[in-house]
file model.cif (mmCIF, C-alpha atoms and all ligand atoms)
data_target
loop_
_atom_site.label_atom_id
_atom_site.label_comp_id
_atom_site.auth_asym_id
_atom_site.auth_seq_id
_atom_site.Cartn_x
_atom_site.Cartn_y
_atom_site.Cartn_z
CA MET A 293 -22.09 18.04 42.80
CA GLU A 294 -23.46 20.73 45.03
CA ILE A 295 -25.62 19.25 47.81
CA ILE A 296 -28.08 21.49 49.66
CA ILE A 297 -29.90 20.08 52.66
CA ALA A 298 -33.02 22.12 53.26
CA LYS A 299 -35.02 22.07 56.48
CA ASP A 300 -38.17 20.87 54.73
CA ALA A 301 -39.85 20.49 51.35
CA GLU A 302 -40.97 24.15 51.22
CA GLN A 303 -37.45 25.43 51.77
CA ALA A 304 -36.12 22.97 49.18
CA ALA A 305 -38.66 24.28 46.65
CA ALA A 306 -37.61 27.88 47.33
CA VAL A 307 -33.96 26.99 46.66
CA VAL A 308 -34.85 25.36 43.32
CA ALA A 309 -37.10 28.29 42.38
CA ASP A 310 -34.14 30.64 43.07
CA ARG A 311 -32.06 28.69 40.52
CA PHE A 312 -34.79 28.96 37.92
CA GLU A 313 -35.14 32.67 38.58
CA GLU A 314 -31.37 33.19 38.11
CA VAL A 315 -31.48 31.47 34.72
CA LEU A 316 -34.60 33.35 33.59
CA HIS A 317 -32.91 36.65 34.44
CA ALA A 318 -29.58 35.66 32.87
CA ARG A 319 -31.20 34.62 29.58
CA GLY A 320 -33.55 37.61 29.56
CA GLU A 321 -35.12 38.32 26.17
CA ASP A 322 -32.98 35.64 24.52
CA GLY A 323 -35.38 33.26 26.24
CA ALA A 324 -34.43 30.54 28.71
CA VAL A 325 -34.96 26.93 27.71
CA LEU A 326 -36.45 25.16 30.71
CA GLY A 327 -36.37 21.39 31.19
CA LEU A 328 -39.41 20.34 33.22
CA ALA A 329 -40.20 17.17 35.15
CA THR A 330 -43.58 15.93 36.29
CA GLY A 331 -44.35 13.76 39.34
CA SER A 332 -44.79 15.09 42.85
CA SER A 333 -41.21 16.25 43.59
CA PRO A 334 -41.29 19.54 41.61
CA VAL A 335 -44.86 20.52 42.50
CA LEU A 336 -43.93 22.86 45.38
CA THR A 337 -41.25 24.46 43.20
CA TYR A 338 -43.83 25.11 40.49
CA ARG A 339 -46.18 26.55 43.11
CA GLU A 340 -43.41 28.85 44.31
CA LEU A 341 -42.62 29.98 40.76
CA ILE A 342 -46.31 30.68 40.13
CA SER A 343 -46.49 32.82 43.26
CA ARG A 344 -43.33 34.73 42.27
CA HIS A 345 -44.94 35.31 38.85
CA ARG A 346 -48.14 36.64 40.45
CA GLU A 347 -46.64 38.59 43.30
CA GLN A 348 -43.23 39.70 42.03
CA GLY A 349 -43.77 39.78 38.28
CA LEU A 350 -41.34 36.95 37.50
CA SER A 351 -41.90 36.49 33.77
CA PHE A 352 -41.63 33.43 31.55
CA ALA A 353 -42.80 35.29 28.45
CA HIS A 354 -39.54 34.67 26.56
CA ALA A 355 -39.02 31.12 27.81
CA ARG A 356 -39.82 27.80 26.24
CA ALA A 357 -39.95 24.38 27.89
CA PHE A 358 -39.32 20.72 27.16
CA LEU A 359 -40.79 17.91 29.23
CA LEU A 360 -38.64 14.96 30.19
CA ASP A 361 -41.09 12.26 29.28
CA GLU A 362 -44.60 11.22 28.29
CA TYR A 363 -46.73 8.09 28.49
CA ILE A 364 -47.29 6.27 25.20
CA GLY A 365 -50.98 5.87 24.38
CA LEU A 366 -52.29 8.91 26.27
CA SER A 367 -53.42 11.96 24.33
CA ALA A 368 -51.93 15.34 25.30
CA ASP A 369 -55.30 16.21 26.88
CA HIS A 370 -55.69 12.98 28.89
CA GLU A 371 -55.97 13.80 32.59
CA GLN A 372 -52.86 11.79 33.43
CA SER A 373 -50.73 12.76 30.46
CA TYR A 374 -47.64 14.66 31.46
CA HIS A 375 -48.48 17.35 28.93
CA ARG A 376 -51.74 18.00 30.74
CA PHE A 377 -50.10 17.68 34.17
CA ILE A 378 -47.50 20.34 33.47
CA ARG A 379 -50.10 22.74 32.11
CA ASP A 380 -52.42 22.17 35.09
CA THR A 381 -49.73 22.42 37.76
CA PHE A 382 -47.40 25.03 36.30
CA THR A 383 -47.26 26.40 32.78
CA GLY A 384 -50.96 27.23 32.54
CA HIS A 385 -50.54 29.59 35.52
CA VAL A 386 -47.61 31.66 34.22
CA ASP A 387 -47.02 33.67 31.05
CA ILE A 388 -45.02 31.10 29.09
CA PRO A 389 -46.54 30.67 25.60
CA ASP A 390 -48.51 27.41 25.66
CA GLU A 391 -47.32 26.38 22.19
CA LEU A 392 -43.72 26.55 23.44
CA VAL A 393 -44.31 23.96 26.16
CA LEU A 394 -43.29 20.83 24.33
CA SER A 395 -43.51 17.16 25.20
CA PRO A 396 -43.01 13.95 23.26
CA ASP A 397 -46.22 13.04 21.43
CA GLY A 398 -47.57 9.96 23.24
CA GLU A 399 -49.95 9.28 20.39
CA ALA A 400 -47.44 9.48 17.55
CA PRO A 401 -48.06 6.59 15.14
CA ASP A 402 -44.33 5.78 15.14
CA PRO A 403 -43.03 6.32 18.71
CA ARG A 404 -39.43 5.57 17.73
CA ALA A 405 -39.44 8.25 15.04
CA GLU A 406 -41.14 10.61 17.50
CA ALA A 407 -38.31 10.02 19.99
CA VAL A 408 -35.70 11.00 17.40
CA ARG A 409 -37.70 14.06 16.33
CA TYR A 410 -38.19 15.23 19.93
CA ASP A 411 -34.54 14.76 20.81
CA ALA A 412 -33.51 16.81 17.76
CA SER A 413 -35.99 19.57 18.60
CA ILE A 414 -34.25 20.17 21.95
CA GLY A 415 -30.95 20.69 20.11
CA GLU A 416 -32.62 22.97 17.57
CA ALA A 417 -33.86 25.16 20.45
CA GLY A 418 -30.24 25.56 21.57
CA GLY A 419 -30.34 22.95 24.37
CA VAL A 420 -31.76 23.14 27.88
CA ASP A 421 -30.47 25.94 30.13
CA ILE A 422 -31.80 24.48 33.37
CA GLN A 423 -33.33 21.06 33.94
CA ILE A 424 -35.32 20.17 37.04
CA LEU A 425 -35.32 16.48 37.96
CA GLY A 426 -36.96 14.23 40.51
CA ILE A 427 -35.53 10.80 41.31
CA GLY A 428 -37.31 7.45 41.50
CA ALA A 429 -36.94 5.22 44.55
CA ASN A 430 -34.81 2.94 42.34
CA GLY A 431 -32.57 5.80 41.19
CA HIS A 432 -34.25 6.49 37.85
CA ILE A 433 -34.25 9.96 36.30
CA GLY A 434 -36.71 10.68 33.54
CA PHE A 435 -37.83 7.11 32.92
CA ASN A 436 -34.33 5.79 32.60
CA GLU A 437 -34.71 2.76 34.80
CA PRO A 438 -31.72 0.85 36.28
CA THR A 439 -29.45 -0.63 33.57
CA SER A 440 -30.28 2.21 31.13
CA SER A 441 -27.30 3.13 29.00
CA PHE A 442 -25.42 6.26 29.99
CA GLY A 443 -25.22 7.05 26.27
CA SER A 444 -28.98 6.80 25.73
CA ARG A 445 -31.00 9.43 23.90
CA THR A 446 -34.76 10.00 23.83
CA ARG A 447 -36.39 6.63 23.19
CA VAL A 448 -39.18 4.21 24.05
CA LYS A 449 -38.84 2.53 27.46
CA THR A 450 -40.85 -0.03 29.41
CA LEU A 451 -41.50 0.90 33.02
CA THR A 452 -40.47 -1.47 35.79
CA GLU A 453 -43.17 -3.00 37.96
CA GLN A 454 -42.06 -0.80 40.85
CA THR A 455 -42.48 2.39 38.81
CA VAL A 456 -45.91 1.26 37.58
CA ARG A 457 -46.87 0.65 41.22
CA ASP A 458 -45.45 4.04 42.29
CA ASN A 459 -47.38 5.83 39.51
CA ALA A 460 -50.65 3.94 40.12
CA ARG A 461 -51.55 6.50 42.79
CA PHE A 462 -52.43 8.93 39.99
CA PHE A 463 -54.74 6.46 38.20
CA SER A 464 -57.85 4.60 39.42
CA SER A 465 -55.93 1.30 39.30
CA SER A 466 -52.47 0.03 38.37
CA ASP A 467 -54.02 -1.70 35.31
CA GLU A 468 -54.60 1.74 33.81
CA VAL A 469 -50.98 2.91 34.09
CA PRO A 470 -49.41 2.79 30.63
CA ILE A 471 -46.29 0.62 30.71
CA HIS A 472 -44.51 2.28 27.81
CA VAL A 473 -43.15 5.81 27.81
CA LEU A 474 -41.09 8.13 25.67
CA THR A 475 -38.27 9.51 27.79
CA GLN A 476 -35.26 11.69 27.27
CA GLY A 477 -32.16 9.52 27.53
CA LEU A 478 -29.40 9.91 30.08
CA GLU A 479 -27.10 11.51 27.50
CA THR A 480 -29.89 13.88 26.45
CA ILE A 481 -30.47 14.91 30.08
CA ARG A 482 -26.75 15.34 30.64
CA GLU A 483 -26.58 17.91 27.86
CA ALA A 484 -28.59 20.39 29.96
CA ARG A 485 -26.24 23.18 31.00
CA ARG A 486 -27.50 23.18 34.62
CA ILE A 487 -29.37 20.47 36.46
CA VAL A 488 -31.25 20.80 39.75
CA LEU A 489 -32.52 17.57 41.28
CA ILE A 490 -35.04 17.76 44.10
CA ALA A 491 -35.80 14.87 46.46
CA THR A 492 -37.87 14.98 49.61
CA GLY A 493 -39.07 12.38 52.08
CA GLU A 494 -37.39 9.31 53.49
CA GLY A 495 -38.61 7.13 50.62
CA LYS A 496 -35.90 8.80 48.52
CA ALA A 497 -33.08 8.50 51.09
CA ARG A 498 -31.50 5.38 49.64
CA ALA A 499 -31.67 6.57 46.03
CA VAL A 500 -30.12 9.89 47.09
CA ARG A 501 -27.26 8.11 48.86
CA ASP A 502 -26.60 5.86 45.84
CA MET A 503 -26.72 8.85 43.47
CA VAL A 504 -24.38 11.04 45.54
CA GLU A 505 -22.05 8.60 47.28
CA GLY A 506 -22.35 5.37 45.33
CA PRO A 507 -20.22 4.33 42.40
CA VAL A 508 -21.24 5.71 39.00
CA SER A 509 -23.23 2.71 37.87
CA ALA A 510 -26.15 1.91 35.60
CA ALA A 511 -27.68 0.21 38.66
CA CYS A 512 -28.43 3.78 39.83
CA PRO A 513 -28.97 5.83 36.65
CA ALA A 514 -28.92 9.14 38.60
CA SER A 515 -25.31 8.42 39.64
CA ILE A 516 -24.24 9.61 36.15
CA LEU A 517 -24.99 13.12 37.41
CA GLN A 518 -21.71 12.90 39.38
CA MET A 519 -20.01 13.45 36.00
CA HIS A 520 -21.95 16.65 35.18
CA PRO A 521 -20.17 19.94 35.88
CA ALA A 522 -23.20 21.90 37.16
CA VAL A 523 -25.56 19.77 39.23
CA THR A 524 -27.28 20.86 42.42
CA VAL A 525 -29.04 18.24 44.52
CA VAL A 526 -31.60 19.80 46.86
CA VAL A 527 -32.94 17.48 49.56
CA ASP A 528 -34.88 17.83 52.77
CA GLU A 529 -33.57 16.32 55.99
CA SER A 530 -35.48 13.05 55.50
CA ALA A 531 -34.11 12.44 52.02
CA ALA A 532 -30.61 13.31 53.31
CA ARG A 533 -30.88 10.74 56.13
CA ASP A 534 -28.51 8.15 54.61
CA LEU A 535 -25.80 10.59 53.49
CA THR A 536 -22.53 10.26 55.41
C1 LIG B 601 -41.18 12.68 35.92
C2 LIG B 601 -40.01 11.81 35.87
C3 LIG B 601 -39.67 10.85 36.97
C4 LIG B 601 -39.97 11.39 38.38
C5 LIG B 601 -39.64 10.31 39.41
C6 LIG B 601 -39.97 10.76 40.81
O1 LIG B 601 -41.23 13.49 34.75
O2 LIG B 601 -39.32 11.85 34.92
O3 LIG B 601 -38.31 10.52 36.87
O4 LIG B 601 -39.19 12.53 38.59
O5 LIG B 601 -40.36 9.15 39.12
O6 LIG B 601 -41.36 10.90 40.92
P1 LIG B 601 -42.02 11.66 42.15
O7 LIG B 601 -41.53 13.04 42.08
O8 LIG B 601 -43.50 11.57 41.91
O9 LIG B 601 -41.57 10.94 43.37
#
call {"tool": "encode", "arguments": {"input": "model.cif", "output": "structure tokens", "more": "lines below"}}
Ligand code: F6R
result
Amino acid sequence: MEIIIAKDAEQAAAVVADRFEEVLHARGEDGAVLGLATGSSPVLTYRELISRHREQGLSFAHARAFLLDEYIGLSADHEQSYHRFIRDTFTGHVDIPDELVLSPDGEAPDPRAEAVRYDASIGEAGGVDIQILGIGANGHIGFNEPTSSFGSRTRVKTLTEQTVRDNARFFSSSDEVPIHVLTQGLETIREARRIVLIATGEGKARAVRDMVEGPVSAACPASILQMHPAVTVVVDESAARDLT
């Protein structure tokens, strides 16, 4: 694991944006496959990529993207759906073709079949070249909550009470937060060729310590990233507070 301690959240975002830029250039017209996360952690990175697109001509025209997860029961256009979120905060502001920004269908009549279909579609696209991840305060990545199997693939999961509480800030009340999601599994995530995890703020310090220095354990799902050959963890000084 490569650990980069940035001075603040802006600098952390610039480091992650650099990694994305490298992959976009390396894949060129073959088209990079981007793995995108939602939540607040990647927002500054997306902002930085948008400004590089506008000011320096960084192009996503040959890229495609797969989201990590989606709420079950929300339409793609629902204000809080992750599909809508990614378009509003990132992909709608760069030149990536909208129809190539893919997410699990939260309204699929058979969510289990949708999970299998979505997982297969990532493989059919050749796999993810670079995956950006945030981390939950309890060590989740995607919505793989503690005790998730390291061998898991995209599937239906129930959110923990803590995650529902954490996500309630985006809804008018915690009663409105869907409790079921479709999420890429830990094995699916691990198949990405490069992974960049970004964590900022002291609320993430303990999860970062457990991920980086703890034992590889399902109690901290992100700790499985210790086994991946190309992971970069980018943290600000607050999130790095508990590292030895
Ligand atoms: C989002 C996702 C989650 C978040 C995590 C951290 O697509 O899969 O794992 O990355 O919950 O959320 P924030 O960044 O809002 O603290």
call {"tool": "atom_distance", "arguments": {"input": "model.cif", "atom1": "CA of Ser441 (chain A)", "atom2": "CA of Phe358 (chain A)"}}
result
21.4 Å
call {"tool": "closest_residue", "arguments": {"input": "model.cif", "among": "A:Leu350, A:Leu535, A:Leu359, A:Val508", "to": "Ala309 (chain A)", "atoms": "all atoms listed in the file"}}
result
A:Leu350
call {"tool": "residues_near_point", "arguments": {"input": "model.cif", "point": "(-30.2, 10.3, 26.7)", "cutoff": "6 Å", "atoms": "all atoms listed in the file", "output": "PDB file with C-alpha atoms, in the frame of the given file"}}
result
ATOM      1  CA  GLY A 443     -25.220   7.050  26.270  1.00  0.00           C
ATOM      2  CA  SER A 444     -28.980   6.800  25.730  1.00  0.00           C
ATOM      3  CA  ARG A 445     -31.000   9.430  23.900  1.00  0.00           C
ATOM      4  CA  THR A 446     -34.760  10.000  23.830  1.00  0.00           C
ATOM      5  CA  GLN A 476     -35.260  11.690  27.270  1.00  0.00           C
ATOM      6  CA  GLY A 477     -32.160   9.520  27.530  1.00  0.00           C
ATOM      7  CA  LEU A 478     -29.400   9.910  30.080  1.00  0.00           C
ATOM      8  CA  GLU A 479     -27.100  11.510  27.500  1.00  0.00           C
ATOM      9  CA  THR A 480     -29.890  13.880  26.450  1.00  0.00           C
ATOM     10  CA  ILE A 481     -30.470  14.910  30.080  1.00  0.00           C
TER      11      ILE A 481
END
call {"tool": "residues_around", "arguments": {"input": "model.cif", "residues": "Phe435 (chain A)", "least_positions_apart": "5", "cutoff": "12 Å", "atoms": "only C-alpha atoms", "output": "CSV table (one decimal) with C-alpha atoms, in the frame of the given file"}}
result
chain,number,residue,atom,x,y,z
A,329,ALA,CA,-40.2,17.2,35.2
A,330,THR,CA,-43.6,15.9,36.3
A,331,GLY,CA,-44.4,13.8,39.3
A,359,LEU,CA,-40.8,17.9,29.2
A,360,LEU,CA,-38.6,15.0,30.2
A,361,ASP,CA,-41.1,12.3,29.3
A,362,GLU,CA,-44.6,11.2,28.3
A,363,TYR,CA,-46.7,8.1,28.5
A,425,LEU,CA,-35.3,16.5,38.0
A,426,GLY,CA,-37.0,14.2,40.5
A,427,ILE,CA,-35.5,10.8,41.3
A,428,GLY,CA,-37.3,7.4,41.5
A,429,ALA,CA,-36.9,5.2,44.6
A,430,ASN,CA,-34.8,2.9,42.3
A,440,SER,CA,-30.3,2.2,31.1
A,441,SER,CA,-27.3,3.1,29.0
A,444,SER,CA,-29.0,6.8,25.7
A,445,ARG,CA,-31.0,9.4,23.9
A,446,THR,CA,-34.8,10.0,23.8
A,447,ARG,CA,-36.4,6.6,23.2
A,448,VAL,CA,-39.2,4.2,24.0
A,449,LYS,CA,-38.8,2.5,27.5
A,450,THR,CA,-40.8,0.0,29.4
A,451,LEU,CA,-41.5,0.9,33.0
A,452,THR,CA,-40.5,-1.5,35.8
A,454,GLN,CA,-42.1,-0.8,40.8
A,455,THR,CA,-42.5,2.4,38.8
A,456,VAL,CA,-45.9,1.3,37.6
A,459,ASN,CA,-47.4,5.8,39.5
A,471,ILE,CA,-46.3,0.6,30.7
A,472,HIS,CA,-44.5,2.3,27.8
A,473,VAL,CA,-43.2,5.8,27.8
A,474,LEU,CA,-41.1,8.1,25.7
A,475,THR,CA,-38.3,9.5,27.8
A,476,GLN,CA,-35.3,11.7,27.3
A,477,GLY,CA,-32.2,9.5,27.5
A,478,LEU,CA,-29.4,9.9,30.1
A,481,ILE,CA,-30.5,14.9,30.1
A,513,PRO,CA,-29.0,5.8,36.6
A,514,ALA,CA,-28.9,9.1,38.6
call {"tool": "axis_aligned_box", "arguments": {"input": "model.cif", "around": "ligand LIG 601 (chain B)", "padding_each_side": "6 Å", "output": "lines of an AutoDock Vina configuration file"}}
result
center_x = -40.9
center_y = 11.3
center_z = 39.1
size_x = 17.2
size_y = 16.3
size_z = 20.6
call {"tool": "closest_residue", "arguments": {"input": "model.cif", "among": "A:Val523, A:Gly398, A:Ala357, A:Lys496", "to": "His370 (chain A)", "atoms": "all atoms listed in the file"}}
result
A:Gly398
call {"tool": "residues_around", "arguments": {"input": "model.cif", "residues": "Phe352 (chain A)", "least_positions_apart": "4", "cutoff": "8 Å", "atoms": "only C-alpha atoms", "output": "PyMOL selection string"}}
result
chain A and resi 316+356+386-388
call {"tool": "residues_around", "arguments": {"input": "model.cif", "residues": "Gln372 (chain A)", "least_positions_apart": "5", "cutoff": "10 Å", "atoms": "only C-alpha atoms", "output": "PDB file with C-alpha atoms, in the coordinates of the input"}}
result
ATOM      1  CA  GLU A 362     -44.600  11.220  28.290  1.00  0.00           C
ATOM      2  CA  TYR A 363     -46.730   8.090  28.490  1.00  0.00           C
ATOM      3  CA  LEU A 366     -52.290   8.910  26.270  1.00  0.00           C
ATOM      4  CA  SER A 367     -53.420  11.960  24.330  1.00  0.00           C
ATOM      5  CA  PHE A 377     -50.100  17.680  34.170  1.00  0.00           C
ATOM      6  CA  PHE A 462     -52.430   8.930  39.990  1.00  0.00           C
ATOM      7  CA  PHE A 463     -54.740   6.460  38.200  1.00  0.00           C
ATOM      8  CA  VAL A 469     -50.980   2.910  34.090  1.00  0.00           C
TER       9      VAL A 469
END
call {"tool": "atom_distance", "arguments": {"input": "model.cif", "atom1": "CA of Gly415 (chain A)", "atom2": "CA of Phe382 (chain A)"}}
result
23.5 Å
call {"tool": "closest_residue", "arguments": {"input": "model.cif", "among": "A:Asp534, A:Glu494, A:Glu313, A:Asp467", "to": "ligand LIG 601 (chain B)", "atoms": "only C-alpha atoms and all ligand atoms"}}
result
A:Glu494
call {"tool": "closest_residue", "arguments": {"input": "model.cif", "among": "A:Asp458, A:Glu347, A:Glu483, A:Glu468", "to": "His520 (chain A)", "atoms": "all atoms listed in the file"}}
result
A:Glu483
call {"tool": "atom_distance", "arguments": {"input": "model.cif", "atom1": "CA of Tyr338 (chain A)", "atom2": "CA of Glu302 (chain A)"}}
result
11.1 Å
call {"tool": "residues_around", "arguments": {"input": "model.cif", "residues": "Gly419 (chain A)", "least_positions_apart": "6", "cutoff": "8 Å", "atoms": "only C-alpha atoms", "output": "list of chain:residue names"}}
result
A:Val325, A:Glu483, A:Ala484, A:Arg485
call {"tool": "decode", "arguments": {"input": "model.cif", "residues": "region 345-397 of chain A", "atoms": "C-alpha atoms", "output": "PDB file, in the first residue's frame"}}
result
ATOM      1  CA  HIS A 345     -11.173  19.374 -18.329  1.00  0.00           C
ATOM      2  CA  ARG A 346     -12.247  23.014 -18.730  1.00  0.00           C
ATOM      3  CA  GLU A 347      -8.887  24.689 -18.353  1.00  0.00           C
ATOM      4  CA  GLN A 348      -6.379  22.143 -19.647  1.00  0.00           C
ATOM      5  CA  GLY A 349      -8.487  20.115 -22.065  1.00  0.00           C
ATOM      6  CA  LEU A 350      -8.310  16.865 -20.068  1.00  0.00           C
ATOM      7  CA  SER A 351     -10.666  14.641 -22.050  1.00  0.00           C
ATOM      8  CA  PHE A 352     -12.894  11.773 -20.980  1.00  0.00           C
ATOM      9  CA  ALA A 353     -14.352  11.308 -24.465  1.00  0.00           C
ATOM     10  CA  HIS A 354     -13.046   7.738 -24.798  1.00  0.00           C
ATOM     11  CA  ALA A 355     -13.712   6.728 -21.194  1.00  0.00           C
ATOM     12  CA  ARG A 356     -16.571   4.853 -19.642  1.00  0.00           C
ATOM     13  CA  ALA A 357     -17.487   4.578 -15.962  1.00  0.00           C
ATOM     14  CA  PHE A 358     -19.037   2.181 -13.479  1.00  0.00           C
ATOM     15  CA  LEU A 359     -20.486   3.283 -10.160  1.00  0.00           C
ATOM     16  CA  LEU A 360     -19.780   1.293  -7.034  1.00  0.00           C
ATOM     17  CA  ASP A 361     -23.298   1.158  -5.731  1.00  0.00           C
ATOM     18  CA  GLU A 362     -26.898   2.350  -5.889  1.00  0.00           C
ATOM     19  CA  TYR A 363     -29.863   2.546  -3.536  1.00  0.00           C
ATOM     20  CA  ILE A 364     -32.647   0.044  -4.179  1.00  0.00           C
ATOM     21  CA  GLY A 365     -36.005   1.720  -4.755  1.00  0.00           C
ATOM     22  CA  LEU A 366     -34.721   5.044  -6.116  1.00  0.00           C
ATOM     23  CA  SER A 367     -35.067   5.802  -9.812  1.00  0.00           C
ATOM     24  CA  ALA A 368     -31.934   6.868 -11.716  1.00  0.00           C
ATOM     25  CA  ASP A 369     -33.355  10.410 -11.770  1.00  0.00           C
ATOM     26  CA  HIS A 370     -34.212  10.610  -8.059  1.00  0.00           C
ATOM     27  CA  GLU A 371     -32.339  13.511  -6.458  1.00  0.00           C
ATOM     28  CA  GLN A 372     -30.519  11.208  -4.043  1.00  0.00           C
ATOM     29  CA  SER A 373     -29.835   8.328  -6.404  1.00  0.00           C
ATOM     30  CA  TYR A 374     -26.154   7.773  -6.958  1.00  0.00           C
ATOM     31  CA  HIS A 375     -26.713   7.807 -10.701  1.00  0.00           C
ATOM     32  CA  ARG A 376     -28.050  11.348 -10.442  1.00  0.00           C
ATOM     33  CA  PHE A 377     -25.371  12.354  -7.923  1.00  0.00           C
ATOM     34  CA  ILE A 378     -22.499  11.342 -10.165  1.00  0.00           C
ATOM     35  CA  ARG A 379     -23.987  13.141 -13.149  1.00  0.00           C
ATOM     36  CA  ASP A 380     -24.633  16.307 -11.120  1.00  0.00           C
ATOM     37  CA  THR A 381     -21.252  16.398  -9.402  1.00  0.00           C
ATOM     38  CA  PHE A 382     -18.958  15.043 -12.090  1.00  0.00           C
ATOM     39  CA  THR A 383     -19.834  13.262 -15.309  1.00  0.00           C
ATOM     40  CA  GLY A 384     -22.374  15.839 -16.489  1.00  0.00           C
ATOM     41  CA  HIS A 385     -19.590  18.463 -16.477  1.00  0.00           C
ATOM     42  CA  VAL A 386     -17.014  16.605 -18.586  1.00  0.00           C
ATOM     43  CA  ASP A 387     -17.101  15.020 -22.045  1.00  0.00           C
ATOM     44  CA  ILE A 388     -17.675  11.405 -21.020  1.00  0.00           C
ATOM     45  CA  PRO A 389     -20.632   9.969 -22.976  1.00  0.00           C
ATOM     46  CA  ASP A 390     -23.611   9.915 -20.591  1.00  0.00           C
ATOM     47  CA  GLU A 391     -24.776   6.493 -21.791  1.00  0.00           C
ATOM     48  CA  LEU A 392     -21.394   5.051 -20.782  1.00  0.00           C
ATOM     49  CA  VAL A 393     -21.782   6.103 -17.148  1.00  0.00           C
ATOM     50  CA  LEU A 394     -23.296   2.966 -15.709  1.00  0.00           C
ATOM     51  CA  SER A 395     -24.760   2.135 -12.324  1.00  0.00           C
ATOM     52  CA  PRO A 396     -26.750  -0.768 -10.935  1.00  0.00           C
ATOM     53  CA  ASP A 397     -30.454  -0.257 -11.683  1.00  0.00           C
TER      54      ASP A 397
END
